[in-house]
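First up is the structure itself, then whatever we jot down about it.
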Amino acid sequence: MTAPDPDTWTFFEGAWHPGNVRIMGPRTHGAWLASTVFDGARAFEGMTPDLDRHLARVNRSATALGLKPKLSVAEWDALVREGLARFPDGAELYIRPMYWAESGFAGGVRFDPESTNWCLCLYHAPMPLPSGVKATLSPFRRPSIEVAPVDAKAGCLYPNGARALTEALSRGFGNCLMRDGLGNIAEFANANAFFARDGVVYTPVPNGTFLAGITRARVIDLLRGDGVTVVEKTLAYADFLHADEVFTAGNFAKVAPVIGLDEIRFEPGPLFRRARQLYWDFAHHRLG
């Protein structure tokens, strides 16, 4: 018998498993050579906002990387509902579908798409409080499509963000803005970037160097639907430094304030609060 309500449930090879089930071996291509894609949705307060978009994106990511999607969005959704039933009502969860290659061809580097495997993992992940973070400018940059699979939510992209966050932490900051190869701001190391100035919200235009996220798109649509002007354009670090307020949008924390960029301090502002409230209203089906 397994303990009731474990922290994690994973569906793998036809069954639900409690805990951090081992799904890869030392010769699994995904573990060895990073042929993995995933997506992350959220459950909180009884809601799973934009779950369908996240499930569709993991299949697109698989195709972009050269893997073979194994489940339809409807099949993913049915499994998510099974998994949610294993947790208490209203539990704050991370919902992570994954694909990876099991094996490669001769030499190992090129994987066999026919070996694509998959799992679905749900686990407790409390929603962060919107207390704000101090950030800096990272010396590390985002790659472009010519050098990395930035059109997929691929696991191989995340060590670059991790080293950027580690470097920022070494200087006393909790996050960092990252530039593209031309020096334009792409996003924060773990979320999409927004700022407001004179009542207008700005965010970097998608240019093939960062994942223009599902929560980002939802926040833009909600703000525009509420009468706020949102401008997507090429932005420099100086644009953020001269902002009235700065905030992030991403799946893990949804909408969160930034309270500092290097020596510049900000307060969580009215457009951040508006965006966050609009998102929560949308999640609870009060609008959108």
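Naming scheme: A, B, ... for chains in displayed order of the structure tokens; residues 1 onward per chain; ligands 1 onward as shown.
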Give me the residues of segment 136-201 of chain A that have any atom at most 10 Å from an atom of segment 237-248 of chain A; for each, the nearest atom pair and the distance in Å, rounded to one decimal. Use only C-alpha atoms, sort by chain and number, and format it as CSV.
```
residue,atom,partner,partner_atom,distance
A:Thr136,CA,A:Tyr237,CA,9.7
A:Leu137,CA,A:Tyr237,CA,7.6
A:Leu177,CA,A:Tyr237,CA,8.1
A:Met178,CA,A:Tyr237,CA,9.2
A:Arg179,CA,A:Tyr237,CA,8.4
A:Gly183,CA,A:Tyr237,CA,8.7
A:Asn184,CA,A:Tyr237,CA,7.4
A:Ile185,CA,A:Tyr237,CA,6.3
A:Ala186,CA,A:Tyr237,CA,9.9
A:Glu187,CA,A:Thr248,CA,8.8
A:Phe188,CA,A:Thr248,CA,7.6
A:Asn190,CA,A:Thr248,CA,9.0
A:Ala191,CA,A:Thr248,CA,6.0
A:Asn192,CA,A:Thr248,CA,5.6
A:Ala193,CA,A:Thr248,CA,4.9
A:Phe194,CA,A:Phe247,CA,5.3
A:Phe195,CA,A:Val246,CA,4.2
A:Ala196,CA,A:Glu245,CA,5.4
A:Arg197,CA,A:Asp244,CA,5.0
A:Asp198,CA,A:Asp244,CA,7.3
A:Gly199,CA,A:Asp244,CA,8.7
A:Val200,CA,A:Asp244,CA,9.8
A:Val201,CA,A:Val246,CA,9.3
```
Can you tell me, as a list in words, what residues are no more than 7 Å from segment 68-77 of chain A when counting only C-alpha atoms, ignoring any on the same chain fewer than 2 positions away?
Asp52, Leu55, Ala56, Asn59, Ala62, Thr63, Gly66, Leu79, Val80, Arg81, Pro113, Glu114 and Thr116 of chain A
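Of the residues listed (A:Tyr99, A:Gly208, A:Gly174, A:Asp221), A:Gly208 shows the shortest atom-to-atom separation from Ser144 of chain A; distances use only C-alpha atoms.
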If you count only C-alpha atoms, the residue of A:Asp89, A:Asp39, A:Glu263, A:Glu82 closest to Arg57 of chain A turns out to be A:Asp39
Each segment 127-226 of chain A residue no farther than 6 Å from segment 24-38 of chain A, nearest pair in Å, only C-alpha atoms, as a tab-separated table:
```
residue	atom	partner	partner_atom	distance
A:Lys153	CA	A:Val37	CA	5.6
A:Ala154	CA	A:Val37	CA	4.2
A:Gly155	CA	A:Thr36	CA	5.5
A:Cys156	CA	A:Ala34	CA	5.6
```
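Closest approach to Phe87 of chain A among A:Cys119, A:Pro18, A:Phe140, A:Phe105: A:Pro18, based on only C-alpha atoms.
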Using only C-alpha atoms, the shortest atom-to-atom distance to Val21 of chain A among A:Thr48, A:Pro268, A:Gly83, A:Leu120 belongs to A:Leu120
**Prompt:** Could you name the residues that touch Ala283 of chain A at 10 Å or less, counting only C-alpha atoms, but leaving out those on the same chain fewer than 4 positions away, as a ChimeraX atom specification?
**Reply:** /A:43-50,277-279,287-288
Provide the atom CA of Arg163 of chain A to atom CA of Phe210 of chain A distance in Å, to one decimal place.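 Between these atoms lies a distance of 16.2 Å.
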Write down as a ChimeraX atom specification the residues of segment 48-128 of chain A whose backbone DSSP state falls under helix (DSSP H, G or I).
/A:51-65,73-84,113-115
Can those selected residues be exported to a file as a PDB file, in the first residue's frame so that it contains N, CA and C atoms?
```
ATOM      1  N   LEU A  51      -4.761  25.129 -19.348  1.00  0.00           N
ATOM      2  CA  LEU A  51      -4.205  23.777 -19.392  1.00  0.00           C
ATOM      3  C   LEU A  51      -4.143  23.258 -20.821  1.00  0.00           C
ATOM      4  N   ASP A  52      -5.187  23.502 -21.605  1.00  0.00           N
ATOM      5  CA  ASP A  52      -5.208  22.992 -22.981  1.00  0.00           C
ATOM      6  C   ASP A  52      -4.049  23.554 -23.797  1.00  0.00           C
ATOM      7  N   ARG A  53      -3.702  24.811 -23.587  1.00  0.00           N
ATOM      8  CA  ARG A  53      -2.603  25.419 -24.335  1.00  0.00           C
ATOM      9  C   ARG A  53      -1.259  24.799 -23.953  1.00  0.00           C
ATOM     10  N   HIS A  54      -1.081  24.507 -22.682  1.00  0.00           N
ATOM     11  CA  HIS A  54       0.158  23.867 -22.248  1.00  0.00           C
ATOM     12  C   HIS A  54       0.279  22.454 -22.813  1.00  0.00           C
ATOM     13  N   LEU A  55      -0.804  21.737 -22.836  1.00  0.00           N
ATOM     14  CA  LEU A  55      -0.771  20.365 -23.350  1.00  0.00           C
ATOM     15  C   LEU A  55      -0.545  20.355 -24.860  1.00  0.00           C
ATOM     16  N   ALA A  56      -1.111  21.336 -25.548  1.00  0.00           N
ATOM     17  CA  ALA A  56      -0.862  21.439 -26.988  1.00  0.00           C
ATOM     18  C   ALA A  56       0.597  21.810 -27.253  1.00  0.00           C
ATOM     19  N   ARG A  57       1.154  22.664 -26.403  1.00  0.00           N
ATOM     20  CA  ARG A  57       2.530  23.113 -26.633  1.00  0.00           C
ATOM     21  C   ARG A  57       3.544  22.007 -26.426  1.00  0.00           C
ATOM     22  N   VAL A  58       3.303  21.091 -25.488  1.00  0.00           N
ATOM     23  CA  VAL A  58       4.284  20.022 -25.310  1.00  0.00           C
ATOM     24  C   VAL A  58       4.345  19.154 -26.559  1.00  0.00           C
ATOM     25  N   ASN A  59       3.218  18.976 -27.237  1.00  0.00           N
ATOM     26  CA  ASN A  59       3.237  18.226 -28.487  1.00  0.00           C
ATOM     27  C   ASN A  59       3.959  18.997 -29.590  1.00  0.00           C
ATOM     28  N   ARG A  60       3.756  20.318 -29.643  1.00  0.00           N
ATOM     29  CA  ARG A  60       4.482  21.123 -30.628  1.00  0.00           C
ATOM     30  C   ARG A  60       5.981  21.106 -30.344  1.00  0.00           C
ATOM     31  N   SER A  61       6.346  21.164 -29.066  1.00  0.00           N
ATOM     32  CA  SER A  61       7.762  21.119 -28.707  1.00  0.00           C
ATOM     33  C   SER A  61       8.390  19.801 -29.129  1.00  0.00           C
ATOM     34  N   ALA A  62       7.666  18.715 -28.926  1.00  0.00           N
ATOM     35  CA  ALA A  62       8.179  17.411 -29.339  1.00  0.00           C
ATOM     36  C   ALA A  62       8.453  17.395 -30.840  1.00  0.00           C
ATOM     37  N   THR A  63       7.499  17.880 -31.603  1.00  0.00           N
ATOM     38  CA  THR A  63       7.671  17.913 -33.054  1.00  0.00           C
ATOM     39  C   THR A  63       8.839  18.803 -33.451  1.00  0.00           C
ATOM     40  N   ALA A  64       8.960  19.965 -32.810  1.00  0.00           N
ATOM     41  CA  ALA A  64      10.042  20.889 -33.139  1.00  0.00           C
ATOM     42  C   ALA A  64      11.408  20.283 -32.867  1.00  0.00           C
ATOM     43  N   LEU A  65      11.515  19.472 -31.803  1.00  0.00           N
ATOM     44  CA  LEU A  65      12.799  18.856 -31.475  1.00  0.00           C
ATOM     45  C   LEU A  65      13.069  17.619 -32.326  1.00  0.00           C
ATOM     46  N   VAL A  73      -4.029  16.018 -27.245  1.00  0.00           N
ATOM     47  CA  VAL A  73      -4.325  16.938 -26.147  1.00  0.00           C
ATOM     48  C   VAL A  73      -5.433  16.375 -25.271  1.00  0.00           C
ATOM     49  N   ALA A  74      -6.440  15.776 -25.879  1.00  0.00           N
ATOM     50  CA  ALA A  74      -7.547  15.192 -25.102  1.00  0.00           C
ATOM     51  C   ALA A  74      -7.052  14.063 -24.205  1.00  0.00           C
ATOM     52  N   GLU A  75      -6.130  13.249 -24.714  1.00  0.00           N
ATOM     53  CA  GLU A  75      -5.596  12.151 -23.890  1.00  0.00           C
ATOM     54  C   GLU A  75      -4.745  12.695 -22.743  1.00  0.00           C
ATOM     55  N   TRP A  76      -3.925  13.700 -23.028  1.00  0.00           N
ATOM     56  CA  TRP A  76      -3.180  14.336 -21.945  1.00  0.00           C
ATOM     57  C   TRP A  76      -4.143  14.882 -20.882  1.00  0.00           C
ATOM     58  N   ASP A  77      -5.182  15.573 -21.349  1.00  0.00           N
ATOM     59  CA  ASP A  77      -6.124  16.199 -20.424  1.00  0.00           C
ATOM     60  C   ASP A  77      -6.802  15.161 -19.534  1.00  0.00           C
ATOM     61  N   ALA A  78      -7.206  14.047 -20.098  1.00  0.00           N
ATOM     62  CA  ALA A  78      -7.864  13.003 -19.304  1.00  0.00           C
ATOM     63  C   ALA A  78      -6.932  12.476 -18.219  1.00  0.00           C
ATOM     64  N   LEU A  79      -5.640  12.308 -18.555  1.00  0.00           N
ATOM     65  CA  LEU A  79      -4.682  11.842 -17.557  1.00  0.00           C
ATOM     66  C   LEU A  79      -4.460  12.886 -16.466  1.00  0.00           C
ATOM     67  N   VAL A  80      -4.400  14.165 -16.862  1.00  0.00           N
ATOM     68  CA  VAL A  80      -4.258  15.221 -15.856  1.00  0.00           C
ATOM     69  C   VAL A  80      -5.416  15.162 -14.875  1.00  0.00           C
ATOM     70  N   ARG A  81      -6.640  14.990 -15.367  1.00  0.00           N
ATOM     71  CA  ARG A  81      -7.802  14.929 -14.478  1.00  0.00           C
ATOM     72  C   ARG A  81      -7.687  13.746 -13.520  1.00  0.00           C
ATOM     73  N   GLU A  82      -7.189  12.613 -14.009  1.00  0.00           N
ATOM     74  CA  GLU A  82      -6.957  11.467 -13.113  1.00  0.00           C
ATOM     75  C   GLU A  82      -5.949  11.842 -12.027  1.00  0.00           C
ATOM     76  N   GLY A  83      -4.874  12.509 -12.435  1.00  0.00           N
ATOM     77  CA  GLY A  83      -3.844  12.880 -11.474  1.00  0.00           C
ATOM     78  C   GLY A  83      -4.338  13.872 -10.441  1.00  0.00           C
ATOM     79  N   LEU A  84      -5.113  14.860 -10.882  1.00  0.00           N
ATOM     80  CA  LEU A  84      -5.633  15.863  -9.950  1.00  0.00           C
ATOM     81  C   LEU A  84      -6.479  15.223  -8.861  1.00  0.00           C
ATOM     82  N   PRO A 113      13.568   8.997 -33.376  1.00  0.00           N
ATOM     83  CA  PRO A 113      12.240   9.490 -33.014  1.00  0.00           C
ATOM     84  C   PRO A 113      11.256   8.377 -32.654  1.00  0.00           C
ATOM     85  N   GLU A 114      11.470   7.200 -33.220  1.00  0.00           N
ATOM     86  CA  GLU A 114      10.567   6.087 -32.920  1.00  0.00           C
ATOM     87  C   GLU A 114      10.712   5.602 -31.484  1.00  0.00           C
ATOM     88  N   SER A 115      11.787   6.017 -30.818  1.00  0.00           N
ATOM     89  CA  SER A 115      11.992   5.604 -29.427  1.00  0.00           C
ATOM     90  C   SER A 115      11.389   6.591 -28.431  1.00  0.00           C
TER      91      SER A 115
END
```
Atom pair atom CA of Pro257 of chain A + atom CA of Arg274 of chain A, distance 11.5 Å
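Restricting the calculation to only C-alpha atoms, the smallest distance between Ala164 of chain A and any of A:Ala189, A:Gly19, A:Ile95, A:Tyr123 is found for A:Ala189.
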Residue with the minimum atom-to-atom distance to Ala168 of chain A, picked from A:Val109, A:Val231, A:Ala152, A:Leu261 with only C-alpha atoms counted, is A:Leu261
